[in-house]
>>> print(open('my_file.txt').read())   # compact mmCIF, C-alpha atoms
# COMPACT_ATOMS: atom_id res chain seq x y z
CA MET A 1 -5.27 70.36 -18.75
CA LYS A 2 -4.68 74.10 -18.74
CA ILE A 3 -4.46 75.68 -22.18
CA MET A 4 -3.66 79.19 -23.37
CA VAL A 5 -4.88 80.09 -26.86
CA PHE A 6 -3.07 83.04 -28.44
CA SER A 7 -4.89 84.06 -31.60
CA SER A 8 -6.74 86.79 -33.50
CA TYR A 9 -10.52 86.65 -33.61
CA MET A 10 -11.07 89.90 -35.52
CA ASP A 11 -11.79 88.21 -38.86
CA ALA A 12 -15.24 87.38 -40.19
CA TRP A 13 -17.27 85.18 -37.86
CA ASN A 14 -17.29 82.24 -40.29
CA SER A 15 -13.51 82.42 -40.64
CA VAL A 16 -12.66 82.23 -36.94
CA ARG A 17 -15.53 80.01 -35.81
CA PRO A 18 -13.97 76.55 -36.49
CA GLU A 19 -10.96 77.29 -34.28
CA ALA A 20 -12.95 79.18 -31.65
CA GLU A 21 -15.61 76.50 -31.33
CA MET A 22 -12.95 73.80 -31.05
CA PHE A 23 -11.55 75.44 -27.92
CA ILE A 24 -15.04 75.97 -26.56
CA ALA A 25 -15.62 72.23 -27.05
CA ILE A 26 -12.34 71.52 -25.21
CA ALA A 27 -13.44 73.75 -22.33
CA GLN A 28 -16.80 71.98 -22.19
CA GLN A 29 -14.92 68.75 -21.54
CA GLY A 30 -13.55 70.18 -18.30
CA HIS A 31 -10.25 71.69 -19.44
CA GLN A 32 -9.28 75.23 -18.46
CA VAL A 33 -8.96 77.47 -21.51
CA THR A 34 -7.67 81.04 -21.51
CA VAL A 35 -7.91 83.02 -24.75
CA VAL A 36 -5.42 85.83 -25.34
CA THR A 37 -6.79 87.99 -28.15
CA GLN A 38 -8.13 91.43 -29.02
CA GLY A 39 -10.52 92.54 -26.29
CA ASN A 40 -12.91 94.07 -28.82
CA ALA A 41 -13.21 90.96 -31.01
CA ASP A 42 -16.81 89.89 -31.61
CA TYR A 43 -16.10 86.36 -30.39
CA VAL A 44 -15.04 87.53 -26.92
CA ALA A 45 -18.65 87.64 -25.72
CA ARG A 46 -19.21 84.01 -26.73
CA PHE A 47 -15.96 82.91 -25.05
CA LEU A 48 -17.03 84.54 -21.80
CA GLU A 49 -20.55 83.15 -22.09
CA GLN A 50 -19.09 79.64 -22.40
CA GLY A 51 -16.88 80.06 -19.34
CA LEU A 52 -13.52 80.69 -21.00
CA THR A 53 -11.15 83.30 -19.60
CA VAL A 54 -10.22 86.13 -21.98
CA ILE A 55 -7.11 88.32 -21.73
CA ASP A 56 -6.93 91.46 -23.87
CA ALA A 57 -3.27 91.38 -24.94
CA TYR A 58 -2.88 91.09 -28.70
CA PRO A 59 0.59 92.15 -29.95
CA THR A 60 1.10 95.26 -32.06
CA LYS A 61 4.09 93.73 -33.86
CA LYS A 62 6.00 90.46 -34.25
CA ILE A 63 8.16 91.17 -31.24
CA CYS A 64 6.05 93.13 -28.77
CA CYS A 65 7.76 93.52 -25.40
CA ASN A 66 4.59 94.53 -23.57
CA THR A 67 2.75 91.46 -24.84
CA ILE A 68 5.64 89.15 -23.97
CA LYS A 69 5.71 90.56 -20.43
CA ARG A 70 1.95 90.08 -20.10
CA LEU A 71 2.19 86.47 -21.30
CA ARG A 72 5.10 85.69 -18.98
CA HIS A 73 3.18 87.11 -16.03
CA GLU A 74 0.24 84.84 -16.89
CA LEU A 75 2.50 81.80 -17.34
CA LYS A 76 4.07 82.40 -13.92
CA GLN A 77 0.67 82.68 -12.29
CA GLY A 78 -1.13 79.97 -14.20
CA GLN A 79 1.20 76.98 -14.67
CA TYR A 80 -0.10 76.25 -18.16
CA ASP A 81 0.34 72.89 -19.86
CA ILE A 82 -0.15 74.14 -23.44
CA VAL A 83 0.27 77.45 -25.23
CA TYR A 84 -1.29 77.37 -28.69
CA ALA A 85 -0.28 80.22 -31.06
CA THR A 86 -1.73 80.58 -34.51
CA ASN A 87 -0.15 83.24 -36.72
CA SER A 88 3.00 85.12 -37.67
CA ARG A 89 2.35 87.75 -35.01
CA THR A 90 1.32 85.58 -32.06
CA ILE A 91 3.86 82.76 -32.58
CA PRO A 92 7.08 84.75 -32.07
CA ASN A 93 5.66 86.55 -29.03
CA ALA A 94 4.50 83.26 -27.53
CA ALA A 95 7.86 81.62 -28.27
CA PHE A 96 9.86 84.27 -26.42
CA ALA A 97 7.34 84.36 -23.59
CA CYS A 98 7.63 80.58 -23.09
CA ILE A 99 11.41 80.63 -22.62
CA GLY A 100 12.09 79.56 -19.04
CA PHE A 101 8.87 77.55 -18.74
CA PRO A 102 10.02 74.07 -19.83
CA ALA A 103 6.91 72.33 -18.48
CA THR A 104 4.71 74.35 -20.84
CA LYS A 105 4.50 72.96 -24.38
CA LEU A 106 4.27 75.50 -27.21
CA VAL A 107 2.13 74.42 -30.16
CA THR A 108 1.86 76.47 -33.36
CA TYR A 109 -0.69 76.32 -36.16
CA ARG A 110 0.16 76.19 -39.87
CA GLY A 111 -2.54 76.64 -42.52
CA THR A 112 -0.76 76.92 -45.88
CA VAL A 113 1.70 75.06 -48.09
CA GLY A 114 4.93 76.84 -48.94
CA GLY A 115 6.55 79.97 -47.58
CA LEU A 116 8.43 78.25 -44.75
CA TYR A 117 12.10 77.64 -45.50
CA ARG A 118 15.17 76.75 -43.46
CA HIS A 119 17.24 79.39 -45.25
CA ASP A 120 14.78 82.16 -44.30
CA PRO A 121 15.82 83.84 -41.02
CA SER A 122 12.24 84.94 -40.31
CA ALA A 123 11.17 81.27 -40.12
CA TYR A 124 13.12 80.99 -36.87
CA LEU A 125 10.75 83.49 -35.31
CA THR A 126 7.77 81.25 -36.05
CA HIS A 127 7.52 77.50 -36.64
CA LEU A 128 11.29 76.89 -36.67
CA HIS A 129 11.80 78.73 -33.39
CA PRO A 130 13.70 76.34 -31.06
CA ARG A 131 11.09 76.84 -28.34
CA VAL A 132 8.31 75.31 -30.47
CA ASN A 133 7.37 71.80 -29.29
CA GLY A 134 4.73 70.84 -31.84
CA ILE A 135 2.98 72.09 -34.96
CA SER A 136 -0.68 71.47 -35.85
CA CYS A 137 -1.25 71.63 -39.63
CA VAL A 138 -4.62 72.09 -41.29
CA ALA A 139 -3.98 69.35 -43.86
CA ASP A 140 -1.55 66.53 -44.55
CA LYS A 141 -0.06 68.37 -47.52
CA VAL A 142 0.79 71.19 -45.13
CA ARG A 143 2.24 68.67 -42.64
CA GLN A 144 4.49 67.21 -45.33
CA ASP A 145 5.72 70.65 -46.32
CA VAL A 146 6.46 71.70 -42.72
CA SER A 147 8.12 68.35 -41.91
CA ASN A 148 10.59 68.95 -44.71
CA GLN A 149 11.70 72.18 -43.03
CA VAL A 150 11.87 71.39 -39.30
CA TRP A 151 15.20 70.16 -38.00
CA SER A 152 14.01 67.68 -35.37
CA ASN A 153 10.90 66.13 -33.78
CA LYS A 154 9.24 65.61 -37.14
CA ASP A 155 6.72 63.32 -35.40
CA ASN A 156 5.51 66.40 -33.54
CA VAL A 157 4.26 67.91 -36.79
CA VAL A 158 0.71 66.60 -37.24
CA ALA A 159 -2.25 67.16 -39.55
CA ILE A 160 -5.61 67.90 -37.94
CA HIS A 161 -8.44 69.18 -40.10
CA LYS A 162 -10.52 71.99 -38.63
CA GLY A 163 -13.94 70.86 -37.48
CA HIS A 164 -17.25 72.28 -38.62
CA ASP A 165 -20.96 72.07 -37.85
CA LEU A 166 -23.67 71.93 -40.50
CA SER A 167 -25.81 74.39 -38.56
CA TRP A 168 -23.26 77.12 -39.27
CA TYR A 169 -23.99 76.95 -42.97
CA GLN A 170 -27.77 76.86 -43.08
CA THR A 171 -28.79 80.00 -44.91
CA GLN A 172 -31.21 81.44 -47.40
CA THR A 173 -30.47 80.96 -51.09
CA ALA A 174 -29.44 84.18 -52.81
CA ASP A 175 -31.81 85.65 -55.38
CA LEU A 176 -29.71 85.85 -58.54
CA SER A 177 -32.30 87.61 -60.67
CA PHE A 178 -30.26 90.82 -60.43
CA LEU A 179 -27.76 89.00 -62.65
CA ASN A 180 -30.50 87.85 -65.05
CA ILE A 181 -30.03 84.29 -63.80
CA THR A 182 -33.18 82.16 -63.69
CA ALA A 183 -34.07 78.94 -61.91
CA ASN A 184 -33.35 77.04 -65.13
CA ASP A 185 -29.76 78.22 -65.35
CA PHE A 186 -26.70 76.35 -64.10
CA VAL A 187 -24.53 78.33 -61.67
CA ILE A 188 -20.82 77.92 -60.92
CA ILE A 189 -19.26 79.81 -58.03
CA CYS A 190 -15.61 80.54 -57.36
CA VAL A 191 -14.57 82.55 -54.31
CA ALA A 192 -10.99 83.77 -54.45
CA ASN A 193 -8.77 86.82 -54.40
CA ALA A 194 -6.64 88.22 -57.18
CA ARG A 195 -3.49 86.19 -56.52
CA PRO A 196 -2.34 84.14 -59.56
CA SER A 197 -1.94 81.10 -57.29
CA LYS A 198 -5.74 80.98 -56.95
CA GLY A 199 -5.97 79.84 -60.57
CA VAL A 200 -8.95 82.00 -61.55
CA HIS A 201 -7.34 82.47 -64.96
CA ILE A 202 -7.47 78.69 -65.45
CA LEU A 203 -11.19 78.62 -64.67
CA LEU A 204 -11.84 81.50 -67.06
CA GLU A 205 -9.98 79.60 -69.78
CA ALA A 206 -12.16 76.56 -69.02
CA MET A 207 -15.25 78.69 -69.69
CA GLN A 208 -14.02 79.13 -73.27
CA TYR A 209 -14.58 75.40 -73.87
CA LEU A 210 -18.28 75.48 -72.93
CA GLU A 211 -19.50 76.97 -76.20
CA LYS A 212 -22.54 74.66 -76.38
CA GLU A 213 -23.90 75.60 -72.94
CA PRO A 214 -25.50 79.08 -73.10
CA ASN A 215 -27.18 78.83 -69.69
CA ILE A 216 -24.05 78.15 -67.63
CA HIS A 217 -23.17 81.16 -65.46
CA LEU A 218 -20.01 81.78 -63.46
CA LEU A 219 -20.01 83.86 -60.27
CA LEU A 220 -16.58 85.21 -59.29
CA ALA A 221 -16.44 86.68 -55.80
CA GLY A 222 -13.46 88.12 -53.96
CA ARG A 223 -11.37 91.23 -53.50
CA GLY A 224 -9.59 92.33 -56.66
CA ILE A 225 -10.83 89.40 -58.71
CA ASP A 226 -11.87 91.66 -61.59
CA THR A 227 -8.33 92.34 -62.81
CA ALA A 228 -7.80 93.56 -66.35
CA ALA A 229 -6.30 90.18 -67.28
CA ASN A 230 -9.30 88.30 -65.90
CA GLN A 231 -11.71 90.67 -67.62
CA GLN A 232 -9.91 90.06 -70.91
CA LEU A 233 -10.13 86.29 -70.46
CA ALA A 234 -13.84 86.57 -69.71
CA GLN A 235 -14.41 88.42 -72.97
CA GLN A 236 -12.88 85.48 -74.84
CA ALA A 237 -15.55 83.11 -73.53
CA PRO A 238 -18.43 82.25 -75.90
CA TYR A 239 -20.92 83.85 -73.47
CA PRO A 240 -19.02 86.68 -71.73
CA ASN A 241 -22.20 88.13 -70.25
CA ASN A 242 -22.59 84.90 -68.26
CA ILE A 243 -19.40 85.63 -66.30
CA HIS A 244 -20.17 87.86 -63.33
CA PHE A 245 -17.43 89.67 -61.40
CA LEU A 246 -19.00 90.35 -58.02
CA GLY A 247 -16.00 91.65 -56.07
CA TYR A 248 -15.91 91.39 -52.29
CA ARG A 249 -19.21 90.07 -50.92
CA THR A 250 -20.61 89.65 -47.45
CA ASP A 251 -23.24 87.19 -48.70
CA VAL A 252 -20.95 84.41 -49.93
CA PRO A 253 -22.88 81.67 -48.02
CA GLU A 254 -26.11 82.76 -49.71
CA LEU A 255 -24.41 82.80 -53.11
CA MET A 256 -22.90 79.38 -52.42
CA ALA A 257 -26.33 77.99 -51.58
CA ALA A 258 -27.59 79.18 -54.98
CA ALA A 259 -24.82 77.43 -56.91
CA ASN A 260 -24.86 74.05 -58.65
CA VAL A 261 -21.11 73.54 -58.29
CA GLN A 262 -18.20 75.22 -56.48
CA ILE A 263 -14.81 75.33 -58.16
CA GLN A 264 -11.47 75.86 -56.47
CA PRO A 265 -8.91 76.03 -59.33
CA SER A 266 -5.79 76.93 -57.28
CA VAL A 267 -2.40 76.06 -58.70
CA SER A 268 -0.34 76.34 -55.48
CA GLY A 269 -0.16 77.50 -51.89
CA GLU A 270 -3.43 76.17 -50.50
CA GLY A 271 -4.00 74.56 -47.12
CA LEU A 272 -7.65 73.62 -46.81
CA PRO A 273 -9.82 76.33 -48.43
CA LYS A 274 -12.79 77.44 -46.37
CA THR A 275 -14.96 77.76 -49.46
CA VAL A 276 -14.60 74.05 -50.22
CA ILE A 277 -15.83 73.18 -46.74
CA GLU A 278 -18.70 75.68 -46.99
CA ALA A 279 -19.79 74.10 -50.27
CA MET A 280 -19.61 70.58 -48.84
CA ALA A 281 -21.62 71.62 -45.78
CA MET A 282 -24.30 73.02 -48.09
CA ALA A 283 -24.36 69.83 -50.18
CA VAL A 284 -22.88 71.63 -53.19
CA PRO A 285 -20.43 69.40 -55.11
CA SER A 286 -16.95 70.78 -55.75
CA ILE A 287 -14.35 70.61 -58.46
CA VAL A 288 -10.97 71.15 -56.80
CA THR A 289 -7.34 70.81 -57.77
CA THR A 290 -4.75 68.58 -56.18
CA THR A 291 -2.98 71.48 -54.48
CA GLY A 292 -3.10 71.64 -50.69
CA GLY A 293 -5.47 69.46 -48.71
CA ASN A 294 -8.38 69.38 -51.15
CA ALA A 295 -7.96 65.72 -52.07
CA GLU A 296 -7.94 64.83 -48.36
CA ILE A 297 -11.61 65.80 -47.94
CA VAL A 298 -13.07 65.62 -51.48
CA ASN A 299 -13.41 62.01 -52.57
CA ASP A 300 -12.83 62.09 -56.32
CA GLY A 301 -15.88 60.89 -58.22
CA VAL A 302 -17.84 60.35 -54.99
CA SER A 303 -18.32 63.71 -53.25
CA GLY A 304 -16.90 65.87 -56.02
CA PHE A 305 -14.01 65.89 -58.47
CA VAL A 306 -10.28 66.33 -57.88
CA VAL A 307 -8.36 67.43 -60.98
CA GLU A 308 -4.76 68.23 -61.79
CA THR A 309 -3.62 71.83 -61.59
CA ASN A 310 -3.27 74.15 -64.60
CA ASN A 311 -5.63 72.14 -66.78
CA ALA A 312 -8.54 74.17 -68.10
CA HIS A 313 -9.73 71.34 -70.37
CA VAL A 314 -10.28 68.89 -67.52
CA ILE A 315 -12.11 71.51 -65.46
CA ALA A 316 -14.40 72.18 -68.42
CA ASP A 317 -15.00 68.43 -68.79
CA LYS A 318 -16.04 68.11 -65.13
CA ILE A 319 -18.33 71.14 -65.38
CA HIS A 320 -19.91 69.57 -68.44
CA TYR A 321 -20.35 66.26 -66.60
CA ILE A 322 -22.04 67.80 -63.56
CA TYR A 323 -24.23 69.93 -65.81
CA HIS A 324 -25.52 66.87 -67.65
CA HIS A 325 -25.80 64.58 -64.58
CA ALA A 326 -27.92 66.58 -62.17
CA THR A 327 -29.10 63.58 -60.11
CA GLU A 328 -25.59 62.23 -59.64
CA ALA A 329 -24.36 65.72 -58.76
CA LYS A 330 -27.00 65.99 -56.05
CA ILE A 331 -25.89 62.66 -54.58
CA MET A 332 -22.28 63.86 -54.63
CA GLY A 333 -23.30 66.96 -52.70
CA LEU A 334 -25.15 64.93 -50.08
CA LYS A 335 -22.14 62.64 -49.60
CA ALA A 336 -19.93 65.69 -49.17
CA GLN A 337 -22.31 67.05 -46.57
CA HIS A 338 -22.33 63.72 -44.72
CA TYR A 339 -18.53 63.81 -44.56
CA ILE A 340 -18.60 67.23 -42.89
CA ALA A 341 -21.25 66.11 -40.41
CA THR A 342 -19.39 62.98 -39.36
CA THR A 343 -15.66 63.00 -40.04
CA LEU A 344 -15.02 66.75 -40.01
CA SER A 345 -16.94 67.63 -36.85
CA VAL A 346 -15.87 70.05 -34.13
CA GLU A 347 -15.90 67.22 -31.60
CA ASN A 348 -13.47 65.12 -33.66
CA THR A 349 -11.10 68.05 -34.06
CA ALA A 350 -11.19 68.79 -30.34
CA GLN A 351 -10.41 65.16 -29.48
CA GLN A 352 -7.52 65.01 -31.95
CA HIS A 353 -5.98 68.17 -30.53
CA LEU A 354 -6.33 66.92 -26.96
CA ALA A 355 -4.63 63.65 -27.91
CA PHE A 356 -1.80 65.62 -29.54
CA PHE A 357 -1.42 67.86 -26.48
CA GLU A 358 -1.35 64.86 -24.13
CA ARG A 359 1.35 63.19 -26.23
CA LEU A 360 3.51 66.32 -26.11
CA LEU A 361 3.13 66.57 -22.33
CA LYS A 362 4.53 63.06 -21.92
CA GLN A 363 7.73 63.91 -23.80
>>> encode(input="my_file.txt", output="structure tokens")
Amino acid sequence: MKIMVFSSYMDAWNSVRPEAEMFIAIAQQGHQVTVVTQGNADYVARFLEQGLTVIDAYPTKKICCNTIKRLRHELKQGQYDIVYATNSRTIPNAAFACIGFPATKLVTYRGTVGGLYRHDPSAYLTHLHPRVNGISCVADKVRQDVSNQVWSNKDNVVAIHKGHDLSWYQTQTADLSFLNITANDFVIICVANARPSKGVHILLEAMQYLEKEPNIHLLLAGRGIDTAANQQLAQQAPYPNNIHFLGYRTDVPELMAAANVQIQPSVSGEGLPKTVIEAMAMAVPSIVTTTGGNAEIVNDGVSGFVVETNNAHVIADKIHYIYHHATEAKIMGLKAQHYIATTLSVENTAQQHLAFFERLLKQ
């Protein structure tokens, strides 16, 4: 099979690695993989080292004539079976480039719930473009959402979780003494940005119900997370000095490794949050909401807790439970880690994508 991957690899290494390593795994199985991306992306060196072909042709806008011409030239020369495009900039360029190449199947990637609507003209430049043959979704909740919007071939909208490897997440535990946190304290971590959909305000409200636990600390990491509204909510907690706004951090894995529990309190819009997977890979139990694909990988009461959205009381209850059941929490974390190592492996993801590609080629 000959596959063209059209994606950006300029994000943080941990962010792009699951997708990148999946295509490396596909190439290692004997398939020809060409990656069209930014030529100065850090991952280019690894692609070349692993025998993949790299083309420096990332678009400057959603409809980039030069990029479309470059892709069409490659399609004419290469006779590709699959073109796989991943974002709002690469998908429209790939779709227009693939016109006139009926033997080539165009697959797009969708990673979030919501924001794709039939009445939105811009949707017809991406996943609803008539040239799209199949859509790979990061979670089943995303698949359901996309299936409700596509006009035909709903069976060609599939859910495939991104694969991971435990070795990616082995790191040193952060020293939290700079926050006056000791080894006897209980640490919660939440990694998010300032969007209301992330539900940080719900978690901060939950902290108000932990008045009997003076050694529970909350680490909040992410760009813009220290909004005035969030700061005000933190001051209403019984121990406001135990709530630490850390802002954007480059050491999130180290902070995660130092935590007792990871909380993802989102109220909408999630696909499959990377921080949940990072926590599971590090054997840190999670408390997550039902939004997005969280409940698809966190087994409620077994490898963590899945709670309803917008409910600060139930989040506080689960924090309290994990705090007072340290042995059970450790077992939960180990079960979460086992799930990543077995079910959510890079090899499984590669095989599922290949099966999907083969099915599309037979249509």
>>> closest_atom_pairs(input="my_file.txt", of="stretch 75-125 of chain A", to="stretch 289-305 of chain A", cutoff="10 Å", atoms="all atoms listed in the file", output="tab-separated table")
residue	atom	partner	partner_atom	distance
A:Gly111	CA	A:Gly292	CA	9.6
A:Thr112	CA	A:Gly292	CA	7.5
A:Val113	CA	A:Gly292	CA	6.4
A:Gly114	CA	A:Gly292	CA	9.7
>>> write_last_selection(input="my_file.txt", atoms="C-alpha atoms", output="PDB file, in the frame of the given file")
ATOM      1  CA  GLY A 111      -2.540  76.640 -42.520  1.00  0.00           C
ATOM      2  CA  THR A 112      -0.760  76.920 -45.880  1.00  0.00           C
ATOM      3  CA  VAL A 113       1.700  75.060 -48.090  1.00  0.00           C
ATOM      4  CA  GLY A 114       4.930  76.840 -48.940  1.00  0.00           C
TER       5      GLY A 114
END
>>> closest_residue(input="my_file.txt", among="A:Thr309, A:Ile216, A:Trp168, A:Gln351", to="A:Ser15", atoms="only C-alpha atoms")
A:Trp168
>>> residues_around(input="my_file.txt", residues="stretch 219-224 of chain A", least_positions_apart="4", cutoff="10 Å", atoms="all atoms listed in the file", output="ChimeraX atom specification")
/A:179,187-195,200,204,228,242-252,255-256,259,262
>>> closest_atom_pairs(input="my_file.txt", of="stretch 110-220 of chain A", to="stretch 70-88 of chain A", cutoff="10 Å", atoms="only C-alpha atoms", output="Markdown table")
| residue | atom | partner | partner_atom | distance |
| --- | --- | --- | --- | --- |
| A:Arg110 | CA | A:Thr86 | CA | 7.2 |
| A:Gly111 | CA | A:Thr86 | CA | 9.0 |
| A:Ser122 | CA | A:Ser88 | CA | 9.6 |
| A:Ala123 | CA | A:Ser88 | CA | 9.4 |
| A:Leu125 | CA | A:Ser88 | CA | 8.3 |
| A:Thr126 | CA | A:Ser88 | CA | 6.4 |
| A:His127 | CA | A:Ser88 | CA | 8.9 |
| A:Val132 | CA | A:Val83 | CA | 9.8 |
| A:Asn133 | CA | A:Ile82 | CA | 9.8 |
| A:Gly134 | CA | A:Tyr84 | CA | 9.4 |
| A:Ile135 | CA | A:Tyr84 | CA | 9.2 |
| A:Ser136 | CA | A:Thr86 | CA | 9.3 |
>>> write_last_selection(input="my_file.txt", atoms="C-alpha atoms", output="PDB file, keeping the file's coordinate frame")
ATOM      1  CA  ARG A 110       0.160  76.190 -39.870  1.00  0.00           C
ATOM      2  CA  GLY A 111      -2.540  76.640 -42.520  1.00  0.00           C
ATOM      3  CA  SER A 122      12.240  84.940 -40.310  1.00  0.00           C
ATOM      4  CA  ALA A 123      11.170  81.270 -40.120  1.00  0.00           C
ATOM      5  CA  LEU A 125      10.750  83.490 -35.310  1.00  0.00           C
ATOM      6  CA  THR A 126       7.770  81.250 -36.050  1.00  0.00           C
ATOM      7  CA  HIS A 127       7.520  77.500 -36.640  1.00  0.00           C
ATOM      8  CA  VAL A 132       8.310  75.310 -30.470  1.00  0.00           C
ATOM      9  CA  ASN A 133       7.370  71.800 -29.290  1.00  0.00           C
ATOM     10  CA  GLY A 134       4.730  70.840 -31.840  1.00  0.00           C
ATOM     11  CA  ILE A 135       2.980  72.090 -34.960  1.00  0.00           C
ATOM     12  CA  SER A 136      -0.680  71.470 -35.850  1.00  0.00           C
TER      13      SER A 136
END
>>> closest_residue(input="my_file.txt", among="A:Asn260, A:Ser345, A:Thr53, A:Asn14", to="A:Met332", atoms="all atoms listed in the file")
A:Asn260
>>> residues_around(input="my_file.txt", residues="A:Gln50", least_positions_apart="6", cutoff="10 Å", atoms="only C-alpha atoms", output="PyMOL selection string")
chain A and resi 24-25+27-28+44
>>> closest_residue(input="my_file.txt", among="A:Ser167, A:Gln337, A:Thr37, A:Gln149", to="A:Tyr117", atoms="all atoms listed in the file")
A:Gln149
>>> residues_around(input="my_file.txt", residues="stretch 312-314 of chain A", least_positions_apart="2", cutoff="7 Å", atoms="only C-alpha atoms", output="list in words")
Ile202, Leu203, Glu205, Ala206, Val307, Asn310, Ala316, Asp317 and Lys318 of chain A
>>> write_last_selection(input="my_file.txt", atoms="C-alpha atoms", output="compact mmCIF listing (two decimals), in the frame of the given file")
# COMPACT_ATOMS: atom_id res chain seq x y z
CA ILE A 202 -7.47 78.69 -65.45
CA LEU A 203 -11.19 78.62 -64.67
CA GLU A 205 -9.98 79.60 -69.78
CA ALA A 206 -12.16 76.56 -69.02
CA VAL A 307 -8.36 67.43 -60.98
CA ASN A 310 -3.27 74.15 -64.60
CA ALA A 316 -14.40 72.18 -68.42
CA ASP A 317 -15.00 68.43 -68.79
CA LYS A 318 -16.04 68.11 -65.13
>>> atom_distance(input="my_file.txt", atom1="atom CA of A:Lys105", atom2="atom CA of A:Leu360")
6.9 Å
>>> atom_distance(input="my_file.txt", atom1="atom CA of A:Glu278", atom2="atom CA of A:Pro253")
7.4 Å
>>> closest_residue(input="my_file.txt", among="A:Lys335, A:Arg46, A:His324, A:Lys274", to="A:Gly163", atoms="only C-alpha atoms")
A:Lys274
>>> residues_around(input="my_file.txt", residues="A:Leu344", least_positions_apart="3", cutoff="12 Å", atoms="all atoms listed in the file", output="count of residues only")
30
>>> closest_residue(input="my_file.txt", among="A:His325, A:His201, A:Lys212, A:Lys141", to="A:Gln232", atoms="only C-alpha atoms")
A:His201
>>> closest_residue(input="my_file.txt", among="A:Leu272, A:Ala57, A:Val267, A:Leu106", to="A:Arg143", atoms="all atoms listed in the file")
A:Leu272
>>> atom_distance(input="my_file.txt", atom1="atom CA of A:Val288", atom2="atom CA of A:Asp185")
21.8 Å
>>> residues_around(input="my_file.txt", residues="A:Val35", least_positions_apart="3", cutoff="6 Å", atoms="only C-alpha atoms", output="PyMOL selection string")
chain A and resi 4-5+54
>>> write_last_selection(input="my_file.txt", atoms="C-alpha atoms", output="PDB file, in the frame of the given file")
ATOM      1  CA  MET A   4      -3.660  79.190 -23.370  1.00  0.00           C
ATOM      2  CA  VAL A   5      -4.880  80.090 -26.860  1.00  0.00           C
ATOM      3  CA  VAL A  54     -10.220  86.130 -21.980  1.00  0.00           C
TER       4      VAL A  54
END
